[in-house]
Structures are given as structure tokens and as C-alpha cells.
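Trainee: mmCIF, C-alpha atoms, file my_file-v2.cif:
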data_entry
#
loop_
_atom_site.label_atom_id
_atom_site.label_comp_id
_atom_site.auth_asym_id
_atom_site.auth_seq_id
_atom_site.Cartn_x
_atom_site.Cartn_y
_atom_site.Cartn_z
CA MET K 1 0.00 0.00 0.00
CA SER K 2 1.12 3.55 -0.59
CA THR K 3 -0.36 6.60 1.00
CA PRO K 4 -0.84 9.62 -1.27
CA GLY K 5 0.65 12.93 -0.35
CA ARG K 6 2.83 11.59 2.44
CA GLU K 7 6.38 10.42 2.56
CA ARG K 8 6.24 6.66 2.23
CA SER K 9 9.41 5.41 3.87
CA GLY K 10 9.38 4.45 7.52
CA GLY K 11 10.98 7.73 8.55
CA SER K 12 9.42 11.10 9.12
CA ASN K 13 10.48 14.71 8.84
CA MET K 14 8.48 15.74 11.86
CA GLN K 15 10.32 17.78 14.44
CA VAL K 16 10.17 18.57 18.12
CA LYS K 17 8.49 21.90 17.33
CA ASP K 18 5.53 19.99 15.83
CA ILE K 19 4.94 18.23 19.15
CA LEU K 20 5.37 21.48 21.10
CA LEU K 21 2.72 23.15 18.91
CA LYS K 22 0.16 20.62 20.13
CA LYS K 23 1.46 20.02 23.62
CA GLY K 24 2.43 23.53 24.62
CA ARG K 25 5.63 24.83 26.12
CA GLU K 26 4.94 24.58 29.81
CA VAL K 27 7.73 22.90 31.76
CA THR K 28 7.44 22.00 35.42
CA THR K 29 10.55 23.05 37.29
CA ILE K 30 11.89 22.85 40.83
CA SER K 31 14.71 24.64 42.62
CA ASP K 32 17.90 22.70 43.29
CA VAL K 33 17.68 23.63 46.99
CA ALA K 34 14.20 22.07 47.39
CA LEU K 35 13.90 18.72 49.19
CA VAL K 36 13.31 15.43 47.41
CA ALA K 37 9.98 15.23 49.29
CA ASP K 38 8.97 18.52 47.59
CA GLY K 39 10.00 17.09 44.24
CA VAL K 40 7.92 13.95 44.84
CA ARG K 41 4.86 16.06 45.66
CA ARG K 42 5.35 18.21 42.58
CA LEU K 43 5.78 15.19 40.28
CA HIS K 44 2.55 13.81 41.72
CA ASP K 45 0.57 17.09 41.71
CA ARG K 46 1.48 17.93 38.12
CA GLY K 47 1.16 14.37 36.84
CA VAL K 48 4.56 14.48 35.16
CA GLY K 49 7.42 11.99 35.14
CA ALA K 50 10.28 14.47 35.50
CA LEU K 51 11.04 18.01 36.66
CA VAL K 52 13.65 20.35 35.28
CA VAL K 53 15.89 21.53 38.13
CA THR K 54 16.95 25.17 38.08
CA ASP K 55 19.66 26.86 40.09
CA GLN K 56 19.32 30.20 41.84
CA SER K 57 20.02 32.10 38.62
CA GLY K 58 17.17 30.18 36.94
CA ALA K 59 19.54 28.23 34.70
CA LEU K 60 19.08 24.51 33.99
CA ALA K 61 21.03 22.59 36.63
CA GLY K 62 19.69 19.07 36.07
CA ILE K 63 16.62 16.89 35.85
CA ILE K 64 14.89 14.79 38.50
CA SER K 65 12.64 11.96 37.35
CA GLU K 66 10.47 9.29 38.93
CA ARG K 67 13.36 6.94 38.22
CA ASP K 68 15.82 9.13 40.16
CA VAL K 69 13.42 9.14 43.12
CA VAL K 70 13.12 5.33 43.08
CA ARG K 71 16.89 4.98 42.71
CA VAL K 72 17.74 7.10 45.74
CA LEU K 73 14.94 5.58 47.84
CA GLY K 74 16.30 2.13 46.94
CA GLU K 75 19.79 3.20 48.01
CA ARG K 76 18.97 5.30 51.09
CA GLY K 77 15.46 4.40 52.21
CA ALA K 78 13.10 7.02 53.63
CA SER K 79 15.93 9.41 54.54
CA ALA K 80 16.28 10.15 50.82
CA LEU K 81 13.15 12.30 51.09
CA ASP K 82 15.08 14.79 53.26
CA MET K 83 17.95 15.14 50.80
CA SER K 84 18.12 18.15 48.52
CA VAL K 85 17.07 17.86 44.89
CA ALA K 86 20.61 18.90 43.94
CA ASP K 87 21.98 15.74 45.60
CA VAL K 88 19.68 13.43 43.67
CA MET K 89 19.16 15.00 40.25
CA SER K 90 20.85 13.82 37.08
CA THR K 91 23.27 16.54 36.06
CA GLU K 92 24.18 15.07 32.66
CA VAL K 93 21.08 16.30 30.90
CA THR K 94 20.43 15.37 27.28
CA THR K 95 18.65 18.25 25.60
CA CYS K 96 17.29 18.86 22.12
CA VAL K 97 16.23 21.86 20.04
CA GLU K 98 12.98 22.60 18.23
CA ALA K 99 14.48 21.46 14.92
CA THR K 100 15.48 18.02 16.27
CA THR K 101 13.59 15.35 14.33
CA ILE K 102 11.33 12.96 16.24
CA ASP K 103 13.26 10.05 14.71
CA SER K 104 16.56 11.24 16.18
CA LEU K 105 14.87 12.06 19.49
CA MET K 106 13.66 8.44 19.66
CA SER K 107 17.22 7.26 18.99
CA LEU K 108 18.52 9.48 21.79
CA MET K 109 15.91 8.16 24.24
CA THR K 110 16.75 4.56 23.32
CA GLU K 111 20.54 4.92 23.43
CA ARG K 112 20.61 6.80 26.72
CA ARG K 113 17.61 5.08 28.30
CA ILE K 114 15.92 8.37 29.12
CA ARG K 115 12.26 9.30 29.00
CA HIS K 116 12.38 13.09 29.19
CA VAL K 117 14.32 15.55 27.05
CA PRO K 118 14.21 19.31 27.72
CA VAL K 119 13.98 21.53 24.62
CA MET K 120 16.40 24.46 24.61
CA ASP K 121 16.63 27.64 22.56
CA GLY K 122 20.18 28.64 23.39
CA ALA K 123 20.24 28.87 27.18
CA THR K 124 16.45 29.23 27.43
CA LEU K 125 14.21 26.29 28.29
CA VAL K 126 11.31 26.26 25.81
CA GLY K 127 9.64 22.88 26.41
CA MET K 128 9.91 19.26 27.49
CA ILE K 129 9.30 16.13 25.42
CA SER K 130 8.53 12.83 27.16
CA ILE K 131 8.65 9.35 25.68
CA GLY K 132 4.86 9.33 26.10
CA ASP K 133 4.62 12.45 23.88
CA VAL K 134 6.69 10.69 21.21
CA VAL K 135 4.49 7.59 21.22
CA LYS K 136 1.32 9.71 21.21
CA TRP K 137 2.66 11.60 18.20
CA ARG K 138 3.34 8.29 16.42
CA VAL K 139 -0.18 7.05 17.21
CA ASP K 140 -1.64 10.29 15.81
CA GLU K 141 0.52 9.94 12.70
CA LEU K 142 -0.74 6.39 12.09
CA GLU K 143 -4.34 7.56 12.55
CA ASN K 144 -3.78 10.37 10.02
CA ASP K 145 -2.22 7.93 7.54
CA LYS K 146 -5.22 5.66 7.88
CA ARG K 147 -7.70 8.51 7.38
CA ASP K 148 -5.79 9.83 4.33
CA LEU K 149 -5.79 6.35 2.82
CA ILE K 150 -9.51 5.86 3.36
CA GLU K 151 -10.25 9.29 1.83
CA TYR K 152 -8.03 8.47 -1.14
CA VAL K 153 -9.67 5.07 -1.75
CA THR K 154 -13.25 6.30 -1.36
CA ALA K 155 -12.68 9.41 -3.54
CA ARG K 156 -11.50 7.47 -6.61
CA MET H 1 10.69 7.67 -1.50
CA SER H 2 9.50 4.10 -1.39
CA THR H 3 11.26 1.26 0.35
CA PRO H 4 11.34 -2.02 -1.55
CA GLY H 5 10.13 -5.20 0.07
CA ARG H 6 8.44 -3.54 3.00
CA GLU H 7 4.96 -2.34 3.60
CA ARG H 8 4.97 1.31 2.70
CA SER H 9 2.19 2.83 4.73
CA GLY H 10 2.94 4.29 8.15
CA GLY H 11 1.64 1.18 9.89
CA SER H 12 3.36 -2.09 10.63
CA ASN H 13 2.33 -5.71 11.07
CA MET H 14 4.87 -6.31 13.80
CA GLN H 15 3.53 -7.93 16.92
CA VAL H 16 4.37 -8.17 20.60
CA LYS H 17 5.93 -11.60 20.00
CA ASP H 18 8.55 -9.97 17.73
CA ILE H 19 9.70 -7.76 20.60
CA LEU H 20 9.68 -10.68 23.05
CA LEU H 21 11.91 -12.69 20.67
CA LYS H 22 14.62 -10.03 21.03
CA LYS H 23 13.96 -8.93 24.57
CA GLY H 24 13.23 -12.26 26.22
CA ARG H 25 10.37 -13.28 28.44
CA GLU H 26 11.70 -12.50 31.88
CA VAL H 27 9.28 -10.54 34.04
CA THR H 28 10.23 -9.13 37.43
CA THR H 29 7.50 -9.87 39.97
CA ILE H 30 6.83 -9.14 43.62
CA SER H 31 4.39 -10.62 46.12
CA ASP H 32 1.34 -8.57 47.07
CA VAL H 33 2.25 -8.96 50.77
CA ALA H 34 5.72 -7.40 50.31
CA LEU H 35 6.29 -3.83 51.52
CA VAL H 36 6.51 -0.83 49.21
CA ALA H 37 10.11 -0.42 50.43
CA ASP H 38 10.86 -3.92 49.05
CA GLY H 39 9.21 -2.98 45.77
CA VAL H 40 11.32 0.18 45.54
CA ARG H 41 14.51 -1.81 46.08
CA ARG H 42 13.50 -4.39 43.48
CA LEU H 43 12.63 -1.71 40.89
CA HIS H 44 16.05 -0.20 41.51
CA ASP H 45 18.04 -3.46 41.62
CA ARG H 46 16.50 -4.80 38.41
CA GLY H 47 16.55 -1.47 36.60
CA VAL H 48 12.90 -1.75 35.58
CA GLY H 49 10.05 0.74 35.70
CA ALA H 50 7.34 -1.62 36.94
CA LEU H 51 6.84 -4.96 38.71
CA VAL H 52 4.06 -7.45 38.16
CA VAL H 53 2.39 -8.18 41.52
CA THR H 54 1.37 -11.78 42.18
CA ASP H 55 -0.92 -13.13 44.87
CA GLN H 56 -0.23 -16.20 47.00
CA SER H 57 -1.45 -18.53 44.24
CA GLY H 58 1.03 -16.90 41.83
CA ALA H 59 -1.73 -15.27 39.78
CA LEU H 60 -1.45 -11.70 38.50
CA ALA H 61 -2.90 -9.37 41.14
CA GLY H 62 -1.75 -5.99 39.85
CA ILE H 63 1.19 -3.90 38.76
CA ILE H 64 3.34 -1.45 40.73
CA SER H 65 5.31 1.16 38.81
CA GLU H 66 7.69 4.00 39.57
CA ARG H 67 4.68 6.26 39.05
CA ASP H 68 2.65 4.39 41.71
CA VAL H 69 5.53 4.79 44.15
CA VAL H 70 5.77 8.53 43.52
CA ARG H 71 1.98 8.89 43.78
CA VAL H 72 1.74 7.23 47.20
CA LEU H 73 4.85 9.01 48.51
CA GLY H 74 3.29 12.30 47.39
CA GLU H 75 0.07 11.44 49.23
CA ARG H 76 1.45 9.80 52.37
CA GLY H 77 5.09 10.81 52.71
CA ALA H 78 7.72 8.40 54.05
CA SER H 79 5.13 6.20 55.78
CA ALA H 80 4.13 4.93 52.31
CA LEU H 81 7.28 2.79 52.32
CA ASP H 82 5.81 0.67 55.15
CA MET H 83 2.55 -0.01 53.32
CA SER H 84 2.01 -3.31 51.55
CA VAL H 85 2.39 -3.55 47.80
CA ALA H 86 -1.26 -4.68 47.64
CA ASP H 87 -2.36 -1.31 49.06
CA VAL H 88 -0.46 0.69 46.45
CA MET H 89 -0.54 -1.37 43.24
CA SER H 90 -2.81 -0.63 40.29
CA THR H 91 -5.33 -3.46 40.11
CA GLU H 92 -6.86 -2.48 36.77
CA VAL H 93 -4.10 -3.98 34.67
CA THR H 94 -4.12 -3.57 30.90
CA THR H 95 -2.62 -6.70 29.35
CA CYS H 96 -1.89 -7.80 25.81
CA VAL H 97 -1.19 -11.09 24.00
CA GLU H 98 1.69 -12.11 21.77
CA ALA H 99 -0.40 -11.44 18.66
CA THR H 100 -1.19 -7.84 19.67
CA THR H 101 0.26 -5.49 17.06
CA ILE H 102 2.78 -2.88 18.17
CA ASP H 103 0.58 -0.20 16.63
CA SER H 104 -2.38 -1.15 18.81
CA LEU H 105 -0.10 -1.48 21.84
CA MET H 106 1.08 2.11 21.25
CA SER H 107 -2.57 3.22 21.10
CA LEU H 108 -3.31 1.44 24.39
CA MET H 109 -0.31 3.07 26.09
CA THR H 110 -1.36 6.51 24.84
CA GLU H 111 -5.08 6.21 25.67
CA ARG H 112 -4.52 4.83 29.16
CA ARG H 113 -1.31 6.74 29.92
CA ILE H 114 0.56 3.56 30.89
CA ARG H 115 4.15 2.61 30.22
CA HIS H 116 4.12 -1.15 30.98
CA VAL H 117 1.85 -3.86 29.59
CA PRO H 118 2.14 -7.50 30.78
CA VAL H 119 1.86 -10.13 28.04
CA MET H 120 -0.50 -13.02 28.86
CA ASP H 121 -1.04 -16.47 27.38
CA GLY H 122 -4.37 -17.30 28.96
CA ALA H 123 -3.74 -16.96 32.69
CA THR H 124 0.04 -17.33 32.29
CA LEU H 125 2.35 -14.32 32.32
CA VAL H 126 4.76 -14.68 29.38
CA GLY H 127 6.45 -11.26 29.17
CA MET H 128 6.32 -7.53 29.76
CA ILE H 129 6.51 -4.73 27.19
CA SER H 130 7.53 -1.22 28.27
CA ILE H 131 7.11 2.02 26.36
CA GLY H 132 10.91 2.03 26.09
CA ASP H 133 10.77 -1.37 24.31
CA VAL H 134 8.24 0.02 21.84
CA VAL H 135 10.35 3.06 21.01
CA LYS H 136 13.51 0.92 20.73
CA TRP H 137 11.66 -1.37 18.31
CA ARG H 138 10.61 1.66 16.22
CA VAL H 139 14.21 2.96 16.17
CA ASP H 140 15.42 -0.48 15.00
CA GLU H 141 12.71 -0.55 12.32
CA LEU H 142 13.78 2.86 11.01
CA GLU H 143 17.43 1.71 10.93
CA ASN H 144 16.43 -1.41 8.97
CA ASP H 145 14.37 0.66 6.52
CA LYS H 146 17.34 2.93 5.96
CA ARG H 147 19.72 0.01 5.39
CA ASP H 148 17.30 -1.68 2.98
CA LEU H 149 16.93 1.53 1.04
CA ILE H 150 20.68 2.07 0.78
CA GLU H 151 21.17 -1.53 -0.38
CA TYR H 152 18.41 -1.12 -2.95
CA VAL H 153 19.80 2.13 -4.30
CA THR H 154 23.41 0.96 -4.46
CA ALA H 155 22.47 -2.41 -6.07
CA ARG H 156 20.62 -0.91 -9.05
#
What does the file become when written as C-alpha cells?

Mentor:
Amino acid sequence: MSTPGRERSGGSNMQVKDILLKKGREVTTISDVALVADGVRRLHDRGVGALVVTDQSGALAGIISERDVVRVLGERGASALDMSVADVMSTEVTTCVEATTIDSLMSLMTERRIRHVPVMDGATLVGMISIGDVVKWRVDELENDKRDLIEYVTAR
Amino acid sequence: MSTPGRERSGGSNMQVKDILLKKGREVTTISDVALVADGVRRLHDRGVGALVVTDQSGALAGIISERDVVRVLGERGASALDMSVADVMSTEVTTCVEATTIDSLMSLMTERRIRHVPVMDGATLVGMISIGDVVKWRVDELENDKRDLIEYVTAR
């Protein structure tokens, strides 16, 4: 089968900015001097899997994810909740830009085993893409392909 | 562009069993009478995002994920670690079978906002697929498409 009007190979030219257009640019952040317990509450309240950690100047200092919380709780037990976010966050943050393709973002997530990638415009944080966003985008793409194909077949 | 020898629409006929062939069928489980603290350690030790919870007969009773841990810690604080897994797990478990297509699995994950789907053969647990597995499979598929296309073009 071929789908009219769309690129037919497995790949896609879609970019991070296309996801941000639908998803919005809001990013949930937390200060590096907050406690892990605060981070846990914020993850829960906002229904997100990771927070961007900012330092006192507002610059990106790291990222703290559900996985980081589980890791430090597994290592330290309940006392981990009283540690500072700065002591628990991942400081090697993989970022992308709005022009990053979704295909290369998926490769990054797979290679580095990460589920959240902040989107930067220079030093400014402009969004966050999760692995769930990427899969949702792919599901939407497949739905669109299917609809295009049905329209094409029924219009002949 | 069209890729020879492969289906050309966005969709794919790949199934859960194709991922299990590469990934293996090991599933990390925990008893429903274990403590949340035990679950946290097991998630961390095994490097997985969710555990299948089994009851005393060995049957699937629920699933406990990093997200469940963060949720209950956000609600209860450190005392959540002393609760039993049964009190924290999600009991409405979405499962799939080996013949489930990856495309429909992605739809399920998106609709229900879940990242782990146990694979069942009747009442028997035969594997677990994570959202990371799905994205890795898609990355591999794109790599294969690219290689096929290069071979096709250079062989003409």
C-alpha cells in the first residue's frame, strides 16, 4: 500500500516543534535547593514523570525523574526524602532543540535510556518532550495515515 | 521515497511476540504482601520501571510502577514505604497477548497513559513490554528501513 501525499518510507520529517505546537511549552521546574519530598509532591501534583531543576540564577542545573526518586529511595530508604534535589538529580542532561527530528529524538531516548528531554533555545528552556509524547505523536501519525488512505480510496 | 520489500504505509504488522523474541520473556515480579520499600529496592536493583504483583497462588494481582511509588509518597510521605504492595498497586491492569500489534499497543499506552503492559497467554504471564521497548523497536525498524533503502539504491 502507498499513502498519497505523504512520505512513504518508515521515517518522518516531523520535528520537536511539531509536538510542542500541540502540547504547549509549559515545563514543570523545581529549585535545586528544594527537598526530594517537595519534588515527589510536585511530580505527583502535576502528573509528570520528571522536573527540570533550576539553580538560583534560573539556569538549567539538572533533571529529577520518577526513576531518580526510586533509585535514591532504593539506596537510602526514607531518609532520601530529606535530601536536597541537587543531591539526587541527574546533572548530565540530554537536551534537544525545536528542529530536532522525532526520529533522532527516539534514537537518543533509546541509546541513553531516558524518557524526558528538555527543549532548549540557546540557554532558554522552551519545552519538554517525554517518551509518552513521542508515542502519542506516532499514534496520531498512524491515525492520520489511515484517514488519508480511506479518503483516497473512497474518492476514486 | 518508497522502500522495496516492505509495507509502505505508516503502519506495521509487527507484533508483541517480535519484541519478546529479542527482549526475552523474563518478568520481574513481587508478592502482594511485600512492603513498598521492598518494591522500591526491586525496581532499583532490576533497573525496571514496573513490577508485576502476584498473589499467593502466583496469579497476576496488579502492577506497581515507579509512578505508583511517587503517587503514594506524594500522598502519604515516608510512611508509604511501610505499606504493603497490595495497598499501592494498580489493580486495573491492561494486558496484551503475543499477537497484539505494536501499533495497537502504542494506542493502548497513549489512551490509558501507561508505560508497561504485561503479556499473557491465557492466565500465564509470558512477558512484559515497556514504552521504552516500543520506542527501541521503532528505532530499529527505522534503521532497517534505511539500510534496505541504501542496499536497494546501491544495487541498481

Trainee: Identify every residue of chain K that has at least one atom within 9 Å of any atom of chain H, counting all atoms listed in the file, and report the result as a PyMOL selection string.

Mentor: chain K and resi 1-3+7-11+37-45+47+49+66-67+69-75+77-79+81+103-104+106-107+109-111+113-115+131-136+138-142+145-146+149

Trainee: Could you give me the centre and size, in Å to one decimal, of an axis-aligned box around all listed atoms of region 18-22 of chain H with 5 Å added on every side, as lines of an AutoDock Vina configuration file?

Mentor:
center_x = 11.6
center_y = -10.2
center_z = 20.4
size_x = 16.1
size_y = 14.9
size_z = 15.3

Trainee: Can you give me chain K superposed onto chain H, least-squares on all Cα in order, written as an mmCIF file with C-alpha atoms, in the frame of the given file?

Mentor:
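The file below, selection_15.cif, is the result:
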data_model
loop_
_atom_site.group_PDB
_atom_site.id
_atom_site.type_symbol
_atom_site.label_atom_id
_atom_site.label_comp_id
_atom_site.auth_asym_id
_atom_site.auth_seq_id
_atom_site.Cartn_x
_atom_site.Cartn_y
_atom_site.Cartn_z
ATOM 1 C CA MET K 1 10.696 7.516 -1.546
ATOM 2 C CA SER K 2 9.544 3.930 -1.409
ATOM 3 C CA THR K 3 11.339 1.123 0.300
ATOM 4 C CA PRO K 4 11.443 -2.195 -1.566
ATOM 5 C CA GLY K 5 10.200 -5.324 0.073
ATOM 6 C CA ARG K 6 8.547 -3.577 2.996
ATOM 7 C CA GLU K 7 5.060 -2.364 3.598
ATOM 8 C CA ARG K 8 5.077 1.308 2.716
ATOM 9 C CA SER K 9 2.242 2.813 4.715
ATOM 10 C CA GLY K 10 2.924 4.284 8.123
ATOM 11 C CA GLY K 11 1.592 1.202 9.885
ATOM 12 C CA SER K 12 3.284 -2.068 10.633
ATOM 13 C CA ASN K 13 2.249 -5.670 11.069
ATOM 14 C CA MET K 14 4.784 -6.279 13.786
ATOM 15 C CA GLN K 15 3.480 -7.910 16.923
ATOM 16 C CA VAL K 16 4.314 -8.168 20.588
ATOM 17 C CA LYS K 17 5.874 -11.594 19.985
ATOM 18 C CA ASP K 18 8.479 -9.949 17.711
ATOM 19 C CA ILE K 19 9.638 -7.739 20.582
ATOM 20 C CA LEU K 20 9.625 -10.672 23.020
ATOM 21 C CA LEU K 21 11.855 -12.666 20.641
ATOM 22 C CA LYS K 22 14.555 -10.014 20.998
ATOM 23 C CA LYS K 23 13.906 -8.908 24.546
ATOM 24 C CA GLY K 24 13.192 -12.229 26.196
ATOM 25 C CA ARG K 25 10.342 -13.268 28.427
ATOM 26 C CA GLU K 26 11.692 -12.501 31.854
ATOM 27 C CA VAL K 27 9.280 -10.530 34.023
ATOM 28 C CA THR K 28 10.220 -9.120 37.402
ATOM 29 C CA THR K 29 7.523 -9.859 39.941
ATOM 30 C CA ILE K 30 6.850 -9.141 43.602
ATOM 31 C CA SER K 31 4.435 -10.628 46.115
ATOM 32 C CA ASP K 32 1.391 -8.579 47.076
ATOM 33 C CA VAL K 33 2.299 -8.973 50.767
ATOM 34 C CA ALA K 34 5.768 -7.408 50.295
ATOM 35 C CA LEU K 35 6.339 -3.839 51.514
ATOM 36 C CA VAL K 36 6.541 -0.843 49.206
ATOM 37 C CA ALA K 37 10.155 -0.412 50.395
ATOM 38 C CA ASP K 38 10.889 -3.921 49.025
ATOM 39 C CA GLY K 39 9.240 -2.974 45.752
ATOM 40 C CA VAL K 40 11.345 0.198 45.507
ATOM 41 C CA ARG K 41 14.536 -1.805 46.043
ATOM 42 C CA ARG K 42 13.525 -4.368 43.443
ATOM 43 C CA LEU K 43 12.633 -1.703 40.855
ATOM 44 C CA HIS K 44 16.050 -0.166 41.467
ATOM 45 C CA ASP K 45 18.046 -3.434 41.561
ATOM 46 C CA ARG K 46 16.508 -4.769 38.355
ATOM 47 C CA GLY K 47 16.531 -1.431 36.545
ATOM 48 C CA VAL K 48 12.883 -1.745 35.550
ATOM 49 C CA GLY K 49 10.029 0.747 35.701
ATOM 50 C CA ALA K 50 7.323 -1.626 36.929
ATOM 51 C CA LEU K 51 6.845 -4.956 38.701
ATOM 52 C CA VAL K 52 4.064 -7.442 38.171
ATOM 53 C CA VAL K 53 2.403 -8.179 41.522
ATOM 54 C CA THR K 54 1.410 -11.777 42.186
ATOM 55 C CA ASP K 55 -0.859 -13.134 44.879
ATOM 56 C CA GLN K 56 -0.150 -16.193 46.994
ATOM 57 C CA SER K 57 -1.398 -18.527 44.261
ATOM 58 C CA GLY K 58 1.065 -16.896 41.830
ATOM 59 C CA ALA K 59 -1.706 -15.261 39.809
ATOM 60 C CA LEU K 60 -1.443 -11.686 38.504
ATOM 61 C CA ALA K 61 -2.907 -9.388 41.157
ATOM 62 C CA GLY K 62 -1.749 -5.999 39.865
ATOM 63 C CA ILE K 63 1.194 -3.905 38.778
ATOM 64 C CA ILE K 64 3.346 -1.466 40.739
ATOM 65 C CA SER K 65 5.302 1.147 38.804
ATOM 66 C CA GLU K 66 7.681 3.992 39.563
ATOM 67 C CA ARG K 67 4.673 6.247 39.068
ATOM 68 C CA ASP K 68 2.645 4.383 41.718
ATOM 69 C CA VAL K 69 5.546 4.770 44.158
ATOM 70 C CA VAL K 70 5.773 8.532 43.522
ATOM 71 C CA ARG K 71 1.994 8.865 43.804
ATOM 72 C CA VAL K 72 1.747 7.209 47.209
ATOM 73 C CA LEU K 73 4.859 8.984 48.522
ATOM 74 C CA GLY K 74 3.303 12.284 47.405
ATOM 75 C CA GLU K 75 0.085 11.414 49.238
ATOM 76 C CA ARG K 76 1.489 9.767 52.382
ATOM 77 C CA GLY K 77 5.130 10.781 52.700
ATOM 78 C CA ALA K 78 7.751 8.366 54.021
ATOM 79 C CA SER K 79 5.174 6.161 55.765
ATOM 80 C CA ALA K 80 4.161 4.901 52.317
ATOM 81 C CA LEU K 81 7.322 2.779 52.311
ATOM 82 C CA ASP K 82 5.862 0.644 55.130
ATOM 83 C CA MET K 83 2.596 -0.023 53.314
ATOM 84 C CA SER K 84 2.059 -3.326 51.556
ATOM 85 C CA VAL K 85 2.422 -3.569 47.791
ATOM 86 C CA ALA K 86 -1.215 -4.696 47.665
ATOM 87 C CA ASP K 87 -2.308 -1.318 49.081
ATOM 88 C CA VAL K 88 -0.438 0.669 46.453
ATOM 89 C CA MET K 89 -0.528 -1.379 43.254
ATOM 90 C CA SER K 90 -2.788 -0.646 40.313
ATOM 91 C CA THR K 91 -5.310 -3.459 40.152
ATOM 92 C CA GLU K 92 -6.851 -2.480 36.803
ATOM 93 C CA VAL K 93 -4.106 -3.981 34.697
ATOM 94 C CA THR K 94 -4.145 -3.585 30.925
ATOM 95 C CA THR K 95 -2.657 -6.694 29.374
ATOM 96 C CA CYS K 96 -1.947 -7.809 25.826
ATOM 97 C CA VAL K 97 -1.238 -11.086 24.036
ATOM 98 C CA GLU K 98 1.637 -12.111 21.784
ATOM 99 C CA ALA K 99 -0.462 -11.440 18.678
ATOM 100 C CA THR K 100 -1.253 -7.832 19.684
ATOM 101 C CA THR K 101 0.207 -5.486 17.071
ATOM 102 C CA ILE K 102 2.740 -2.872 18.174
ATOM 103 C CA ASP K 103 0.516 -0.190 16.625
ATOM 104 C CA SER K 104 -2.439 -1.123 18.830
ATOM 105 C CA LEU K 105 -0.159 -1.480 21.856
ATOM 106 C CA MET K 106 1.004 2.114 21.284
ATOM 107 C CA SER K 107 -2.637 3.224 21.118
ATOM 108 C CA LEU K 108 -3.367 1.440 24.396
ATOM 109 C CA MET K 109 -0.374 3.069 26.112
ATOM 110 C CA THR K 110 -1.426 6.510 24.859
ATOM 111 C CA GLU K 111 -5.125 6.209 25.713
ATOM 112 C CA ARG K 112 -4.562 4.819 29.193
ATOM 113 C CA ARG K 113 -1.351 6.715 29.935
ATOM 114 C CA ILE K 114 0.513 3.559 30.890
ATOM 115 C CA ARG K 115 4.104 2.583 30.234
ATOM 116 C CA HIS K 116 4.081 -1.140 30.981
ATOM 117 C CA VAL K 117 1.822 -3.860 29.605
ATOM 118 C CA PRO K 118 2.113 -7.486 30.772
ATOM 119 C CA VAL K 119 1.807 -10.129 28.031
ATOM 120 C CA MET K 120 -0.527 -13.005 28.882
ATOM 121 C CA ASP K 121 -1.077 -16.442 27.383
ATOM 122 C CA GLY K 122 -4.399 -17.276 28.984
ATOM 123 C CA ALA K 123 -3.760 -16.962 32.714
ATOM 124 C CA THR K 124 0.017 -17.322 32.313
ATOM 125 C CA LEU K 125 2.329 -14.313 32.320
ATOM 126 C CA VAL K 126 4.725 -14.668 29.371
ATOM 127 C CA GLY K 127 6.422 -11.255 29.167
ATOM 128 C CA MET K 128 6.297 -7.515 29.752
ATOM 129 C CA ILE K 129 6.467 -4.719 27.181
ATOM 130 C CA SER K 130 7.490 -1.213 28.263
ATOM 131 C CA ILE K 131 7.045 2.021 26.350
ATOM 132 C CA GLY K 132 10.847 2.061 26.060
ATOM 133 C CA ASP K 133 10.727 -1.346 24.301
ATOM 134 C CA VAL K 134 8.175 0.036 21.833
ATOM 135 C CA VAL K 135 10.289 3.082 20.998
ATOM 136 C CA LYS K 136 13.438 0.949 20.708
ATOM 137 C CA TRP K 137 11.600 -1.337 18.295
ATOM 138 C CA ARG K 138 10.552 1.692 16.218
ATOM 139 C CA VAL K 139 14.137 2.995 16.164
ATOM 140 C CA ASP K 140 15.368 -0.427 14.995
ATOM 141 C CA GLU K 141 12.669 -0.502 12.317
ATOM 142 C CA LEU K 142 13.739 2.911 10.987
ATOM 143 C CA GLU K 143 17.381 1.781 10.940
ATOM 144 C CA ASN K 144 16.412 -1.356 8.982
ATOM 145 C CA ASP K 145 14.386 0.721 6.509
ATOM 146 C CA LYS K 146 17.361 2.985 5.966
ATOM 147 C CA ARG K 147 19.752 0.067 5.430
ATOM 148 C CA ASP K 148 17.338 -1.655 3.002
ATOM 149 C CA LEU K 149 17.005 1.573 1.038
ATOM 150 C CA ILE K 150 20.753 2.096 0.811
ATOM 151 C CA GLU K 151 21.255 -1.525 -0.325
ATOM 152 C CA TYR K 152 18.516 -1.114 -2.923
ATOM 153 C CA VAL K 153 19.962 2.147 -4.301
ATOM 154 C CA THR K 154 23.572 0.947 -4.404
ATOM 155 C CA ALA K 155 22.663 -2.436 -5.977
ATOM 156 C CA ARG K 156 20.909 -0.942 -9.022
#

Trainee: Run the PyMOL selection byres ((chain H and resi 120) around 12) on the file and write out the hits as a tab-separated table (two decimals) with C-alpha atoms, in the coordinates of the input.

Mentor:
chain	number	residue	atom	x	y	z
H	16	VAL	CA	4.37	-8.17	20.60
H	17	LYS	CA	5.93	-11.60	20.00
H	20	LEU	CA	9.68	-10.68	23.05
H	25	ARG	CA	10.37	-13.28	28.44
H	27	VAL	CA	9.28	-10.54	34.04
H	52	VAL	CA	4.06	-7.45	38.16
H	59	ALA	CA	-1.73	-15.27	39.78
H	60	LEU	CA	-1.45	-11.70	38.50
H	93	VAL	CA	-4.10	-3.98	34.67
H	94	THR	CA	-4.12	-3.57	30.90
H	95	THR	CA	-2.62	-6.70	29.35
H	96	CYS	CA	-1.89	-7.80	25.81
H	97	VAL	CA	-1.19	-11.09	24.00
H	98	GLU	CA	1.69	-12.11	21.77
H	99	ALA	CA	-0.40	-11.44	18.66
H	100	THR	CA	-1.19	-7.84	19.67
H	117	VAL	CA	1.85	-3.86	29.59
H	118	PRO	CA	2.14	-7.50	30.78
H	119	VAL	CA	1.86	-10.13	28.04
H	121	ASP	CA	-1.04	-16.47	27.38
H	122	GLY	CA	-4.37	-17.30	28.96
H	123	ALA	CA	-3.74	-16.96	32.69
H	124	THR	CA	0.04	-17.33	32.29
H	125	LEU	CA	2.35	-14.32	32.32
H	126	VAL	CA	4.76	-14.68	29.38
H	127	GLY	CA	6.45	-11.26	29.17
H	128	MET	CA	6.32	-7.53	29.76
H	129	ILE	CA	6.51	-4.73	27.19

Trainee: What does the structure give for the distance between CA of Ser84 (chain H) and CA of Val33 (chain H), in Å to one decimal?

Mentor: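 Between CA of Ser84 (chain H) and CA of Val33 (chain H) the gap works out to 5.7 Å.
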
Trainee: What is the distance between CA of Ser90 (chain K) and CA of Arg46 (chain H), in Å to one decimal?

Mentor: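 These two atoms are separated by 19.2 Å.
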
Trainee: Give me the result of the PyMOL selection byres ((chain H and resi 51) around 6) on this file, residue by residue, as number ranges by chain.

Mentor: H: 28-29, 50, 52, 63-64

Trainee: Enter the distance from CA of Gly62 (chain H) to CA of Met14 (chain H), in Å, rounded to one decimal.

Mentor: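 So the answer is 26.9 Å.
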
Trainee: Which residues are close to Ser31 (chain K), i.e. within 9 Å by all atoms listed in the file, leaving aside same-chain residues fewer than 5 positions away? Reply as a ChimeraX atom specification.

Mentor: /K:52-56,58,61,85-86
